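Structure file start-v1.txt (compact mmCIF, C-alpha atoms and all ligand atoms) is printed below.
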# COMPACT_ATOMS: atom_id res chain seq x y z
CA MET A 1277 112.52 100.67 91.85
CA THR A 1278 112.39 100.85 95.65
CA ALA A 1279 108.83 99.48 95.43
CA LEU A 1280 110.50 96.17 94.66
CA PHE A 1281 111.96 96.07 98.14
CA SER A 1282 110.58 95.73 101.64
CA ARG A 1283 109.36 98.68 103.68
CA ASN A 1284 112.16 97.75 106.07
CA VAL A 1285 114.56 99.65 103.82
CA ALA A 1286 112.20 102.35 102.56
CA ALA A 1287 114.18 105.16 104.20
CA LEU A 1288 117.61 103.63 103.76
CA ALA A 1289 120.45 105.72 102.32
CA PRO A 1290 124.17 104.85 102.31
CA SER A 1291 126.32 106.31 105.10
CA ALA A 1292 127.34 109.84 104.13
CA THR A 1293 130.56 109.65 106.15
CA PHE A 1294 131.70 106.55 104.32
CA ALA A 1295 130.62 108.13 101.00
CA VAL A 1296 133.09 111.01 101.56
CA ALA A 1297 135.90 108.53 102.30
CA ARG A 1298 135.07 106.62 99.13
CA GLU A 1299 135.10 109.75 96.99
CA ALA A 1300 138.46 110.81 98.47
CA ALA A 1301 139.91 107.35 97.75
CA ARG A 1302 138.61 107.51 94.16
CA LEU A 1303 140.30 110.87 93.58
CA ARG A 1304 143.53 109.60 95.11
CA ALA A 1305 143.47 106.59 92.78
CA ASP A 1306 143.16 109.11 89.91
CA GLY A 1307 146.40 110.73 91.07
CA VAL A 1308 144.86 113.76 92.83
CA ASP A 1309 146.79 114.95 95.91
CA VAL A 1310 143.69 114.78 98.10
CA VAL A 1311 143.66 115.66 101.81
CA ASP A 1312 140.95 113.56 103.44
CA LEU A 1313 139.77 114.98 106.76
CA GLY A 1314 136.37 113.39 106.28
CA ALA A 1315 136.54 110.01 107.92
CA GLY A 1316 136.35 109.74 111.69
CA GLU A 1317 138.90 107.01 112.16
CA PRO A 1318 142.05 107.14 114.33
CA ASP A 1319 145.12 107.27 112.11
CA PHE A 1320 147.18 105.35 114.70
CA ALA A 1321 148.05 101.67 114.48
CA THR A 1322 146.34 99.30 116.90
CA PRO A 1323 148.63 99.05 119.98
CA LYS A 1324 151.14 96.21 119.54
CA LEU A 1325 150.13 94.42 122.76
CA VAL A 1326 146.61 94.22 121.37
CA ALA A 1327 147.56 93.18 117.84
CA ASP A 1328 149.84 90.48 119.30
CA ALA A 1329 146.96 89.12 121.39
CA GLY A 1330 144.88 88.82 118.21
CA ILE A 1331 147.68 87.00 116.39
CA ARG A 1332 148.24 84.72 119.38
CA ALA A 1333 144.56 83.81 119.41
CA ILE A 1334 144.71 82.76 115.77
CA VAL A 1335 147.92 80.77 116.23
CA GLU A 1336 146.54 79.05 119.33
CA GLY A 1337 143.45 77.99 117.42
CA LYS A 1338 140.99 80.28 119.18
CA THR A 1339 139.18 80.40 115.88
CA LYS A 1340 135.87 78.65 116.62
CA TYR A 1341 132.42 79.97 117.37
CA ALA A 1342 132.35 81.68 120.73
CA PRO A 1343 129.39 82.35 123.04
CA THR A 1344 127.14 84.76 121.14
CA GLU A 1345 127.24 87.32 123.96
CA GLY A 1346 131.05 87.34 123.74
CA ILE A 1347 133.85 85.45 125.49
CA LEU A 1348 133.78 85.83 129.26
CA GLU A 1349 137.40 87.08 129.27
CA LEU A 1350 136.37 90.07 127.16
CA ARG A 1351 133.15 90.80 129.02
CA ALA A 1352 135.01 90.61 132.34
CA ALA A 1353 137.76 92.91 131.02
CA ILE A 1354 135.15 95.42 129.79
CA ALA A 1355 133.28 95.26 133.11
CA ARG A 1356 136.50 95.91 135.05
CA ARG A 1357 137.53 98.77 132.75
CA LEU A 1358 134.09 100.43 132.96
CA SER A 1359 134.20 100.03 136.71
CA LEU A 1360 137.64 101.66 136.94
CA LEU A 1361 136.58 104.51 134.64
CA SER A 1362 133.61 105.20 136.92
CA GLY A 1363 135.36 105.32 140.28
CA GLY A 1364 135.11 101.62 141.07
CA ARG A 1365 131.34 101.18 140.82
CA PRO A 1366 130.29 97.54 140.32
CA VAL A 1367 129.63 96.54 136.70
CA ASN A 1368 128.14 93.14 135.96
CA ALA A 1369 129.79 91.30 133.06
CA ASP A 1370 126.56 89.33 132.56
CA HIS A 1371 124.84 92.51 131.42
CA ILE A 1372 127.37 93.04 128.63
CA VAL A 1373 126.70 91.84 125.08
CA VAL A 1374 129.59 92.08 122.61
CA SER A 1375 128.87 92.94 118.96
CA ASN A 1376 130.49 93.56 115.57
CA GLY A 1377 131.42 97.14 116.29
CA SER A 1378 129.35 99.47 118.43
CA LYS A 1379 127.21 100.27 115.39
CA GLN A 1380 125.69 96.80 115.67
CA SER A 1381 124.95 97.29 119.36
CA LEU A 1382 123.17 100.56 118.55
CA PHE A 1383 121.16 98.77 115.88
CA ASN A 1384 120.33 95.81 118.12
CA ALA A 1385 119.30 98.06 121.01
CA CYS A 1386 117.00 100.08 118.74
CA LEU A 1387 115.53 96.98 117.08
CA CYS A 1388 114.82 95.41 120.47
CA LEU A 1389 113.37 98.56 122.04
CA PHE A 1390 111.54 100.52 119.36
CA GLY A 1391 109.03 99.79 116.62
CA GLN A 1392 106.21 101.00 114.44
CA ARG A 1393 104.33 104.12 115.50
CA GLU A 1394 106.98 104.90 118.11
CA LYS A 1395 109.32 107.87 118.10
CA VAL A 1396 112.92 108.22 119.16
CA LEU A 1397 114.41 111.61 120.02
CA VAL A 1398 117.72 112.34 118.32
CA PRO A 1399 119.59 115.45 119.54
CA THR A 1400 120.78 117.13 116.35
CA PRO A 1401 123.32 117.65 114.83
CA ALA A 1402 123.69 113.91 115.20
CA TRP A 1403 125.87 111.19 113.82
CA THR A 1404 124.60 110.19 110.43
CA SER A 1405 123.62 106.61 111.30
CA TYR A 1406 121.15 107.27 114.15
CA PRO A 1407 118.12 108.29 112.05
CA GLN A 1408 118.83 105.42 109.66
CA ILE A 1409 119.05 102.89 112.49
CA VAL A 1410 115.77 104.15 113.98
CA HIS A 1411 114.10 103.87 110.56
CA LEU A 1412 115.39 100.29 110.21
CA ALA A 1413 113.58 99.50 113.46
CA ARG A 1414 110.44 100.94 111.76
CA ALA A 1415 110.29 103.71 114.38
CA ARG A 1416 110.46 107.44 113.65
CA PRO A 1417 113.48 109.59 114.51
CA VAL A 1418 112.59 113.04 115.82
CA ALA A 1419 115.38 115.60 115.54
CA VAL A 1420 115.73 117.80 118.62
CA THR A 1421 117.84 120.79 117.73
CA GLY A 1422 120.67 121.69 120.07
CA ASP A 1423 121.37 125.24 121.19
CA PRO A 1424 124.21 126.99 119.27
CA GLU A 1425 124.91 129.02 122.42
CA TRP A 1426 125.42 125.77 124.30
CA SER A 1427 127.71 123.82 121.95
CA LEU A 1428 124.62 122.51 120.12
CA LYS A 1429 123.72 120.34 123.12
CA VAL A 1430 120.09 119.74 124.10
CA SER A 1431 118.57 120.49 127.50
CA VAL A 1432 115.75 118.75 129.33
CA ASP A 1433 113.48 121.61 128.20
CA ASP A 1434 114.36 120.95 124.55
CA LEU A 1435 113.63 117.24 125.00
CA ALA A 1436 110.40 117.89 126.90
CA ARG A 1437 109.14 120.19 124.13
CA ALA A 1438 109.67 117.43 121.53
CA CYS A 1439 108.18 114.69 123.69
CA ASP A 1440 104.70 113.18 123.43
CA GLU A 1441 103.27 109.81 124.46
CA SER A 1442 104.60 108.06 121.35
CA VAL A 1443 108.21 108.91 122.25
CA LYS A 1444 109.84 105.73 123.51
CA GLY A 1445 113.53 106.54 123.33
CA LEU A 1446 116.40 108.98 123.15
CA ILE A 1447 119.80 108.43 121.57
CA LEU A 1448 122.35 110.53 123.41
CA ASN A 1449 125.96 110.70 122.23
CA SER A 1450 128.67 112.26 124.40
CA PRO A 1451 131.41 113.16 123.55
CA THR A 1452 129.46 114.06 120.46
CA ASN A 1453 130.05 113.27 116.83
CA PRO A 1454 130.04 115.63 114.85
CA THR A 1455 130.53 118.53 117.32
CA GLY A 1456 133.08 117.41 119.89
CA ALA A 1457 130.75 118.74 122.62
CA VAL A 1458 130.67 116.90 125.96
CA TYR A 1459 127.68 116.72 128.31
CA THR A 1460 128.53 117.42 131.95
CA LEU A 1461 127.56 114.90 134.62
CA ALA A 1462 124.89 117.31 135.88
CA GLU A 1463 123.41 117.48 132.37
CA LEU A 1464 123.42 113.68 132.04
CA ARG A 1465 121.78 113.35 135.43
CA ALA A 1466 119.03 115.84 134.55
CA ILE A 1467 118.37 114.00 131.28
CA ALA A 1468 118.34 110.58 133.00
CA GLU A 1469 115.92 111.87 135.67
CA TRP A 1470 113.63 113.35 133.01
CA ALA A 1471 113.73 110.17 130.88
CA GLY A 1472 113.01 108.06 133.97
CA ARG A 1473 109.94 110.17 134.76
CA GLN A 1474 108.74 109.89 131.14
CA GLY A 1475 109.45 106.17 130.81
CA VAL A 1476 111.77 106.94 127.88
CA TRP A 1477 114.67 104.58 127.16
CA ILE A 1478 118.12 106.14 126.75
CA VAL A 1479 120.56 104.63 124.28
CA ALA A 1480 123.82 106.26 125.39
CA ASP A 1481 126.55 106.18 122.75
CA GLU A 1482 129.78 106.65 124.72
CA ILE A 1483 132.20 105.47 122.01
CA TYR A 1484 134.39 108.59 122.46
CA ARG A 1485 134.38 108.52 126.25
CA GLN A 1486 138.14 108.11 126.63
CA ILE A 1487 138.92 110.73 124.00
CA HIS A 1488 138.25 113.60 126.34
CA TYR A 1489 140.30 116.76 126.87
CA GLY A 1490 139.09 117.44 130.37
CA LEU A 1491 140.17 115.58 133.47
CA GLY A 1492 139.85 111.77 133.11
CA PRO A 1493 137.25 110.11 130.90
CA ALA A 1494 134.18 112.09 129.82
CA PRO A 1495 131.20 111.93 132.21
CA SER A 1496 129.12 108.80 131.65
CA PHE A 1497 125.66 107.55 132.53
CA LEU A 1498 127.60 104.92 134.49
CA ASP A 1499 128.64 107.66 136.88
CA LEU A 1500 124.98 107.90 137.96
CA PRO A 1501 123.31 105.77 140.64
CA ASP A 1502 121.68 102.43 139.72
CA GLU A 1503 118.13 103.70 140.08
CA LEU A 1504 118.69 106.07 137.16
CA LEU A 1505 119.95 103.28 134.91
CA GLU A 1506 116.91 101.04 134.78
CA ARG A 1507 116.12 102.11 131.22
CA VAL A 1508 119.60 103.01 130.00
CA VAL A 1509 121.69 101.05 127.49
CA ILE A 1510 125.32 102.10 127.33
CA VAL A 1511 127.08 101.46 124.03
CA ASN A 1512 130.82 101.63 123.60
CA GLY A 1513 133.55 99.73 121.80
CA ALA A 1514 137.17 99.26 120.89
CA SER A 1515 137.21 101.25 117.62
CA LYS A 1516 138.10 104.75 118.75
CA ALA A 1517 140.02 104.62 122.05
CA PHE A 1518 142.20 101.68 120.96
CA ALA A 1519 142.45 102.51 117.24
CA MET A 1520 140.70 99.24 116.35
CA THR A 1521 138.09 100.29 113.79
CA GLY A 1522 138.73 97.33 111.49
CA TRP A 1523 138.59 94.71 114.26
CA ARG A 1524 134.85 95.42 114.64
CA ILE A 1525 134.34 95.01 118.37
CA GLY A 1526 131.70 96.94 120.28
CA PHE A 1527 129.39 96.19 123.16
CA ALA A 1528 126.21 97.15 124.97
CA LEU A 1529 125.77 97.25 128.74
CA ALA A 1530 122.05 96.81 129.29
CA PRO A 1531 119.58 95.82 132.00
CA ARG A 1532 119.63 92.00 132.29
CA GLU A 1533 116.41 91.26 130.40
CA LEU A 1534 117.28 93.51 127.48
CA ALA A 1535 120.80 92.03 127.33
CA GLY A 1536 119.14 88.61 127.00
CA VAL A 1537 116.94 89.74 124.10
CA MET A 1538 119.86 91.41 122.33
CA ASN A 1539 121.83 88.21 122.73
CA ALA A 1540 118.98 86.16 121.27
CA LEU A 1541 118.96 88.53 118.30
CA LEU A 1542 122.69 87.96 117.80
CA SER A 1543 122.19 84.21 118.00
CA HIS A 1544 120.05 84.41 114.84
CA THR A 1545 121.96 87.07 112.96
CA THR A 1546 125.76 87.11 113.34
CA SER A 1547 126.32 84.31 115.90
CA GLY A 1548 128.43 86.78 117.83
CA ALA A 1549 131.61 88.71 117.09
CA ASN A 1550 134.85 87.53 115.50
CA THR A 1551 136.63 85.26 118.00
CA PRO A 1552 140.30 86.35 117.53
CA ALA A 1553 139.18 90.00 117.52
CA MET A 1554 137.49 89.41 120.87
CA TRP A 1555 140.76 88.09 122.31
CA ALA A 1556 142.54 91.19 121.02
CA ALA A 1557 139.87 93.42 122.55
CA ALA A 1558 140.16 91.53 125.86
CA GLU A 1559 143.81 92.64 125.91
CA ALA A 1560 142.83 96.20 124.97
CA PHE A 1561 140.27 96.59 127.73
CA GLY A 1562 142.01 94.31 130.23
CA ASN A 1563 145.71 95.16 130.17
CA ASP A 1564 146.44 98.33 132.16
CA ALA A 1565 149.59 98.93 130.08
CA VAL A 1566 147.36 99.65 127.07
CA GLN A 1567 145.80 102.56 128.95
CA ALA A 1568 149.11 104.43 128.64
CA GLU A 1569 148.75 104.18 124.87
CA VAL A 1570 145.16 105.40 125.01
CA ALA A 1571 146.40 108.40 126.99
CA ALA A 1572 149.22 109.01 124.49
CA MET A 1573 146.81 108.92 121.51
CA THR A 1574 144.40 111.25 123.29
CA GLN A 1575 147.30 113.59 123.96
CA GLN A 1576 148.04 113.65 120.22
CA PHE A 1577 144.41 114.41 119.45
CA ARG A 1578 144.49 117.22 122.02
CA ARG A 1579 147.60 118.74 120.42
CA ARG A 1580 145.99 118.60 116.99
CA ARG A 1581 142.79 120.14 118.32
CA ASP A 1582 144.80 122.99 119.83
CA TYR A 1583 146.57 123.54 116.52
CA LEU A 1584 143.27 123.73 114.58
CA VAL A 1585 141.54 125.92 117.13
CA GLY A 1586 144.59 128.24 117.09
CA ARG A 1587 144.43 128.58 113.32
CA PHE A 1588 140.65 129.12 113.32
CA ARG A 1589 141.06 131.85 115.95
CA SER A 1590 143.85 133.61 114.08
CA GLU A 1591 142.96 133.06 110.42
CA LEU A 1592 139.20 132.41 110.27
CA LEU A 1593 138.01 135.00 112.75
CA GLY A 1594 134.43 135.21 111.49
CA THR A 1595 133.91 131.46 111.45
CA GLU A 1596 132.00 130.10 114.40
CA PHE A 1597 132.86 126.61 115.68
CA VAL A 1598 131.84 124.38 118.57
CA ASP A 1599 134.47 124.29 121.31
CA PRO A 1600 135.77 120.72 120.95
CA LEU A 1601 136.11 119.06 124.37
CA GLY A 1602 136.19 115.45 123.21
CA ALA A 1603 136.15 113.08 120.20
CA PHE A 1604 138.23 114.26 117.20
CA TYR A 1605 135.96 116.55 115.22
CA LEU A 1606 135.80 120.26 114.60
CA PHE A 1607 132.32 121.43 113.59
CA PHE A 1608 132.19 124.89 112.06
CA ARG A 1609 129.68 127.18 110.38
CA VAL A 1610 129.97 128.08 106.74
CA ASP A 1611 126.75 130.01 106.11
CA HIS A 1612 128.51 133.40 106.25
CA VAL A 1613 130.04 132.63 102.85
CA PHE A 1614 126.86 131.24 101.27
CA SER A 1615 125.87 132.73 97.92
CA ALA A 1616 123.58 131.84 95.03
CA LYS A 1617 126.24 129.43 93.77
CA VAL A 1618 127.16 127.99 97.16
CA PRO A 1619 123.86 127.91 99.08
CA ASN A 1620 124.64 125.11 101.58
CA GLY A 1621 127.32 123.00 103.26
CA THR A 1622 127.01 120.25 100.67
CA GLU A 1623 127.91 122.67 97.87
CA PHE A 1624 130.65 124.18 100.07
CA CYS A 1625 132.22 120.72 100.42
CA ARG A 1626 131.82 120.03 96.70
CA ARG A 1627 133.70 123.25 95.91
CA LEU A 1628 136.34 122.41 98.50
CA ILE A 1629 137.05 119.11 96.77
CA ALA A 1630 136.99 120.68 93.29
CA ASP A 1631 139.13 123.75 94.12
CA GLU A 1632 141.46 122.43 96.82
CA ALA A 1633 141.15 118.62 96.86
CA LEU A 1634 140.17 118.78 100.54
CA ALA A 1635 137.50 116.27 101.68
CA LEU A 1636 135.26 117.26 104.61
CA VAL A 1637 131.77 116.08 105.56
CA PRO A 1638 128.86 118.48 104.95
CA GLY A 1639 126.58 119.19 107.90
CA ALA A 1640 123.68 117.73 105.88
CA ALA A 1641 125.01 114.32 106.95
CA PHE A 1642 124.29 115.35 110.55
CA GLY A 1643 121.04 117.26 110.10
CA ASP A 1644 122.19 120.88 109.62
CA ASP A 1645 123.73 121.93 106.33
CA ARG A 1646 124.91 125.32 107.57
CA TRP A 1647 127.85 123.53 109.13
CA VAL A 1648 130.76 121.33 108.04
CA ARG A 1649 132.73 118.67 109.95
CA LEU A 1650 136.48 118.28 109.91
CA SER A 1651 138.04 115.15 111.43
CA TYR A 1652 141.44 115.68 113.04
CA ALA A 1653 142.18 111.97 113.31
CA ALA A 1654 144.95 112.67 110.80
CA SER A 1655 148.67 113.44 110.77
CA ASP A 1656 150.08 116.90 111.56
CA GLU A 1657 151.19 117.22 107.96
CA LEU A 1658 147.71 116.52 106.59
CA LEU A 1659 146.14 118.89 109.11
CA ARG A 1660 148.54 121.68 108.14
CA ALA A 1661 147.83 121.15 104.43
CA GLY A 1662 144.09 120.82 105.12
CA MET A 1663 143.99 124.09 107.07
CA ASP A 1664 145.97 125.93 104.35
CA ARG A 1665 143.45 124.72 101.79
CA LEU A 1666 140.45 125.56 103.93
CA VAL A 1667 141.67 129.09 104.62
CA ARG A 1668 142.23 129.62 100.88
CA GLU A 1669 138.75 128.33 100.04
CA PHE A 1670 137.09 130.61 102.60
CA ALA A 1671 138.95 133.57 101.07
CA ARG A 1672 137.93 132.49 97.56
CA LEU A 1673 134.24 132.11 98.46
CA ALA A 1674 134.19 135.40 100.40
CA ALA A 1675 135.70 137.18 97.36
CA GLU A 1676 133.14 135.56 95.02
CA LYS A 1677 130.34 136.61 97.31
CA ALA A 1678 131.58 140.20 97.45
CA ALA A 1679 132.05 140.40 93.63
N1 LIG B 1701 128.97 105.96 117.30
C1 LIG B 1701 129.56 107.08 116.85
C2 LIG B 1701 129.14 108.39 117.41
C3 LIG B 1701 130.57 107.01 115.89
O1 LIG B 1701 131.15 108.12 115.46
C4 LIG B 1701 130.94 105.76 115.37
C5 LIG B 1701 132.01 105.76 114.34
N2 LIG B 1701 132.03 104.88 113.42
C6 LIG B 1701 130.27 104.62 115.86
C7 LIG B 1701 129.30 104.76 116.82
C8 LIG B 1701 130.51 103.23 115.36
O2 LIG B 1701 131.76 102.76 115.61
P1 LIG B 1701 132.11 101.19 115.53
O3 LIG B 1701 130.96 100.49 114.88
O4 LIG B 1701 133.35 101.13 114.73
O5 LIG B 1701 132.30 100.73 116.94
N1 LIG B 1702 132.22 107.32 112.89
C1 LIG B 1702 133.07 107.70 111.83
C2 LIG B 1702 132.58 109.00 111.19
O1 LIG B 1702 131.63 109.57 111.66
C3 LIG B 1702 133.31 106.59 110.84
C4 LIG B 1702 132.31 106.42 109.74
C5 LIG B 1702 130.98 105.94 110.25
O2 LIG B 1702 130.93 104.89 110.88
O3 LIG B 1702 130.02 106.65 109.98
O4 LIG B 1702 133.21 109.43 110.27

Represent the structure contained in this file as structure tokens.
Ligand code: PMP
Ligand code: GLU
Amino acid sequence: MTALFSRNVAALAPSATFAVAREAARLRADGVDVVDLGAGEPDFATPKLVADAGIRAIVEGKTKYAPTEGILELRAAIARRLSLLSGGRPVNADHIVVSNGSKQSLFNACLCLFGQREKVLVPTPAWTSYPQIVHLARARPVAVTGDPEWSLKVSVDDLARACDESVKGLILNSPTNPTGAVYTLAELRAIAEWAGRQGVWIVADEIYRQIHYGLGPAPSFLDLPDELLERVVIVNGASKAFAMTGWRIGFALAPRELAGVMNALLSHTTSGANTPAMWAAAEAFGNDAVQAEVAAMTQQFRRRRDYLVGRFRSELLGTEFVDPLGAFYLFFRVDHVFSAKVPNGTEFCRRLIADEALALVPGAAFGDDRWVRLSYAASDELLRAGMDRLVREFARLAAEKAA
């Protein structure tokens, strides 16, 4: 069947994270009281100031094609926000290309930078779309396994071991989906210096940068000096920090020439992002009052994280998890309850849905099926019910294993 189609899609599989959300919705439609902690999507409404700006744009007739790279008002607002988040460093709005969600910027960057017979390093566990995006560019993703003793992050040594002359890029995500780990500035610097020496491009996915439980935003490549950024593309967007997943606004900040090529690609594919959504995003990035809402949402995520970590520490003592310092995911090991009937995370999640109607994402979606991801972008009530169900399932599987 697949022989009918182009080699462009030879490795293509549907997004596993969206597949879990779809299955949970199907069960709910069948009347099952399902708790869905699968999808990584803020449960908050888009801030009113932002939604109003989108409505205003529509009413005022800002509904035509816009410049493919994005309206200047949005690019200027993003440049100013990035500058403020990085201690006032200059950020040039002309190097910013807006896209339909950050996923499209990741795709465009990879399509413009990588190709056949080239490899791209992907620190793993990794968000499910990276290997797929690299395949779509006809390049080869190379998983570089992170160290469990180090929150599953990779070091320069890990990257160097995986590197050969066909490696052209690295996709680095911090704060990390699915682990919640955060790279320190010193770690980012070491990786940027190594990549610079190797001539390896870095695609830095910083979509969770403002959802950080340390002081201020998470460390960014933008906190490094210019000379380390000559081959770095920074990708970010409105989806997570501003609870704007459905508005589909993301962006790339790239060296000027690459920004030009990515813009040319947009001019032949989507003709740029949705115009009213760009006006809404200009308000999100531009209006300082919205930052208070970002802080309030992050505070909620922090509280929920503390609740989950507390319950793991008191009720699931033998279950290892990555210390979540950012994003809104808890990544935990399940291999201590594996048995002949439940030999991997995928089967663990299948049982969890069947026994307890709790939807989580198996680690297979991220490259290691000894683990499972729980998203805490959900209400307190759902998290409480989800944890009750998870604790029961662990007890059930441990008893089955012992029997
Ligand atoms: N990067 C990561 C790590 C993500 O988790 C997501 C979540 N969807 C995205 C990128 C894409 O987000 P969006 O396209 O909505 O900006
Ligand atoms: N990023 C979210 C997740 O990992 C949303 C789904 C997706 O884009 O993959 O669940």

Which protein, DNA or RNA residues have an atom within 9 Å of ligand LIG 1702 (chain B), counting only C-alpha atoms and all ligand atoms, as an mmCIF file with C-alpha atoms, in the coordinates of the input?
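Once everything was written out, this is selection_28.cif:
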data_model
loop_
_atom_site.group_PDB
_atom_site.id
_atom_site.type_symbol
_atom_site.label_atom_id
_atom_site.label_comp_id
_atom_site.auth_asym_id
_atom_site.auth_seq_id
_atom_site.Cartn_x
_atom_site.Cartn_y
_atom_site.Cartn_z
ATOM 1 C CA SER A 1291 126.320 106.310 105.100
ATOM 2 C CA ALA A 1292 127.340 109.840 104.130
ATOM 3 C CA THR A 1293 130.560 109.650 106.150
ATOM 4 C CA PHE A 1294 131.700 106.550 104.320
ATOM 5 C CA VAL A 1296 133.090 111.010 101.560
ATOM 6 C CA ALA A 1297 135.900 108.530 102.300
ATOM 7 C CA GLY A 1314 136.370 113.390 106.280
ATOM 8 C CA ALA A 1315 136.540 110.010 107.920
ATOM 9 C CA GLY A 1316 136.350 109.740 111.690
ATOM 10 C CA GLU A 1317 138.900 107.010 112.160
ATOM 11 C CA LYS A 1379 127.210 100.270 115.390
ATOM 12 C CA TRP A 1403 125.870 111.190 113.820
ATOM 13 C CA THR A 1404 124.600 110.190 110.430
ATOM 14 C CA SER A 1405 123.620 106.610 111.300
ATOM 15 C CA ASN A 1453 130.050 113.270 116.830
ATOM 16 C CA PRO A 1454 130.040 115.630 114.850
ATOM 17 C CA LYS A 1516 138.100 104.750 118.750
ATOM 18 C CA THR A 1521 138.090 100.290 113.790
ATOM 19 C CA TYR A 1605 135.960 116.550 115.220
ATOM 20 C CA VAL A 1637 131.770 116.080 105.560
ATOM 21 C CA SER A 1651 138.040 115.150 111.430
#

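Distances to ligand LIG 1701 (chain B) were evaluated for A:Asp1306, A:Asp1370, A:Asp1481, A:Glu1559 using all atoms listed in the file, and the minimum falls at A:Asp1481.
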
**OP:** With a distance cut-off of 8 Å and all atoms listed in the file, select the neighbouring residues of region 1419-1426 of chain A, excluding the residue or stretch itself and same-chain residues fewer than 4 positions from it, and output the selection as a list of chain:residue names.
**Re:** A:Leu1397, A:Val1398, A:Pro1399, A:Thr1400, A:Pro1401, A:Val1430, A:Ser1431, A:Asp1434, A:Leu1435, A:Ala1438

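From CA of Ala1553 (chain A) back to CA of Asp1312 (chain A), the distance works out to 27.5 Å.
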
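Distance annotation: of A:Val1508, A:Ala1556, A:Leu1382, A:Leu1666, the residue with the minimal separation from Ile1629 (chain A) is A:Leu1666; atom set is only C-alpha atoms.
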
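Across the model, the gap from CA of Arg1665 (chain A) to CA of Leu1628 (chain A) is 8.2 Å.
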
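Between CA of Val1396 (chain A) and CA of Leu1534 (chain A) there is a distance of 17.5 Å.
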
Original post:
Within 7 Å of (123.3, 101.7, 126.4), in the coordinates the file gives, what residues turn up when you count only C-alpha atoms, written out as number ranges by chain?
Top reply: A: 1478-1481, 1508-1511, 1528-1530

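Closest approach to Asp1582 (chain A) among A:Leu1601, A:Asn1620, A:Glu1469, A:Arg1485 is made by A:Leu1601 (distances from only C-alpha atoms).
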
**OP:** Using all atoms listed in the file, give me every residue within 12 Å of (138.4, 103.4, 136.4) in file coordinates, as a PyMOL selection string.
**Re:** chain A and resi 1353-1367+1486+1492-1496+1498-1499+1561-1562+1564+1567

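For region 1282-1284 of chain A, the set of protein, DNA and RNA residues having any atom at most 10 Å away, when counting all atoms listed in the file and skipping those fewer than 3 positions along the same chain, is Thr1278, Ala1279, Ala1287, Leu1288, His1411, Leu1412, Ala1413 and Arg1414 of chain A.
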
Any chance you could work out the axis-aligned box around ligand LIG 1701 (chain B), listed atoms only, 8 Å on each side, giving centre and edge lengths in Å to one decimal, as JSON?
{"center_x": 131.2, "center_y": 104.4, "center_z": 115.4, "size_x": 20.4, "size_y": 23.9, "size_z": 20.0}

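Proximity of A:Pro1531, A:Gly1602, A:Pro1552, A:Pro1417 to Ile1483 (chain A), computed with all atoms listed in the file, is greatest for A:Gly1602.
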
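Counting all atoms listed in the file and comparing A:Arg1302, A:Arg1524, A:Lys1617, A:Arg1465, the residue that lies closest to ligand LIG 1701 (chain B) is A:Arg1524.
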